[in-house]
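Peer 1: Next up is a structure, given as structure tokens.
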Amino acid sequence: MNNSNMIEEIKQALWLILTGIISMFASIVGFMIFLALGFIFNFYVGMRADKKLYNKCFNIDKAFKAVKHLGFYFATIVFLAIGAVLIKEESYGEFGAKWLTCVVVYFYITNVFRNASLMDPQNETIKFIYELLTTEIFGRLKSMIGMKKDN
């Protein structure tokens, strides 16, 4: 296993632990609010990025795909809830719903910052936040200390 794979594995494990801890203590209502805000903001920034980068106006296919993904998320949540009720462990269903929501919100946030960094590549703050949300920050740090050569 090379260093970048190991870093990716560590990042995934840390996000798994962090989302699990957040899922234990936060309310489901807060998660749903973040999900709605993430969906709307991701949709909006994605439309602005398409307009700025590709000069494309509203794309109904992309919008339908986004709604389809959100529908799949809700179907998965319903499946978790029904499964938890059937095995008489409702708390597992709630935990699973909160954890999955946290993961989906993370991907929405990452995509928002990816699109924002594409729209404004000179903005170091957006670039840093995006790199922090992904493993690209490790490549940048390696370059800064001379462990990796920039291409």
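Just remember, in the structure tokens the first chain shown is A, the second B, etc., residues are 1-based per chain, and ligands are 1-based in the order shown.
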Could you pull the residues within 9 Å of Leu133 of chain A, counting only C-alpha atoms, minus those fewer than 2 positions along the same chain, as JSON, numbers by chain?

Peer 2: {"A": [106, 109, 110, 113, 128, 129, 130, 131, 135, 136, 137]}

Peer 1: Taking only C-alpha atoms into account, produce a table as CSV in which each residue of segment 86-134 of chain A with an atom at most 10 Å from an atom of segment 44-64 of chain A appears once, together with its shortest atom pair and the distance in Å to one decimal, ordered by chain and rising number.

Peer 2:
```
residue,atom,partner,partner_atom,distance
A:Asn111,CA,A:Gly46,CA,8.3
A:Val112,CA,A:Val45,CA,6.2
A:Phe113,CA,A:Val45,CA,8.8
A:Arg114,CA,A:Gly46,CA,9.4
A:Asn115,CA,A:Ala49,CA,5.9
A:Ala116,CA,A:Val45,CA,7.0
A:Ser117,CA,A:Ala49,CA,9.4
A:Leu118,CA,A:Ala49,CA,7.3
A:Met119,CA,A:Ala49,CA,5.8
A:Asp120,CA,A:Ala49,CA,9.5
```

Peer 1: Print the selection's residues with C-alpha atoms to a file, as a PDB file, in the first residue's frame.

Peer 2:
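After the write, again-v9.pdb holds the following:
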```
ATOM      1  CA  ASN A 111     -19.110  19.285  -4.329  1.00  0.00           C
ATOM      2  CA  VAL A 112     -20.037  22.898  -3.528  1.00  0.00           C
ATOM      3  CA  PHE A 113     -16.401  23.718  -2.804  1.00  0.00           C
ATOM      4  CA  ARG A 114     -15.221  21.799  -5.877  1.00  0.00           C
ATOM      5  CA  ASN A 115     -17.539  23.846  -8.100  1.00  0.00           C
ATOM      6  CA  ALA A 116     -16.606  27.074  -6.317  1.00  0.00           C
ATOM      7  CA  SER A 117     -12.881  26.361  -6.796  1.00  0.00           C
ATOM      8  CA  LEU A 118     -13.506  25.735 -10.509  1.00  0.00           C
ATOM      9  CA  MET A 119     -15.390  29.029 -10.806  1.00  0.00           C
ATOM     10  CA  ASP A 120     -12.735  31.028  -8.929  1.00  0.00           C
TER      11      ASP A 120
END
```

Peer 1: Restricting the calculation to only C-alpha atoms: of A:Cys102, A:Ile82, A:Ala66, A:Leu18, which residue gets closest to Ile33 of chain A?

Peer 2: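 Looking only at the distances to Ile33 of chain A, the closest residue turns out to be A:Cys102.
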
Peer 1: Which of these residues is nearest to Leu37 of chain A, using only C-alpha atoms: A:His69, A:Tyr108, A:Val78, A:Glu89?

Peer 2: A:Tyr108

Peer 1: As a list in words, please: the residues near Met32 of chain A (cut-off 12 Å, only C-alpha atoms, same-chain neighbours under 5 positions excluded).

Peer 2: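 The residues that qualify are Ala26, Ser27, Leu37, Gly38, Phe39, Leu70, Tyr73, Phe74, Ile77, Ala97, Lys98, Trp99, Leu100, Thr101, Cys102, Val104 and Val105 of chain A.
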
Peer 1: Measure the distance from atom CA of Ile22 of chain A to atom CA of Ser91 of chain A in Å and round it to one decimal.

Peer 2: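 A separation of 14.7 Å between them.
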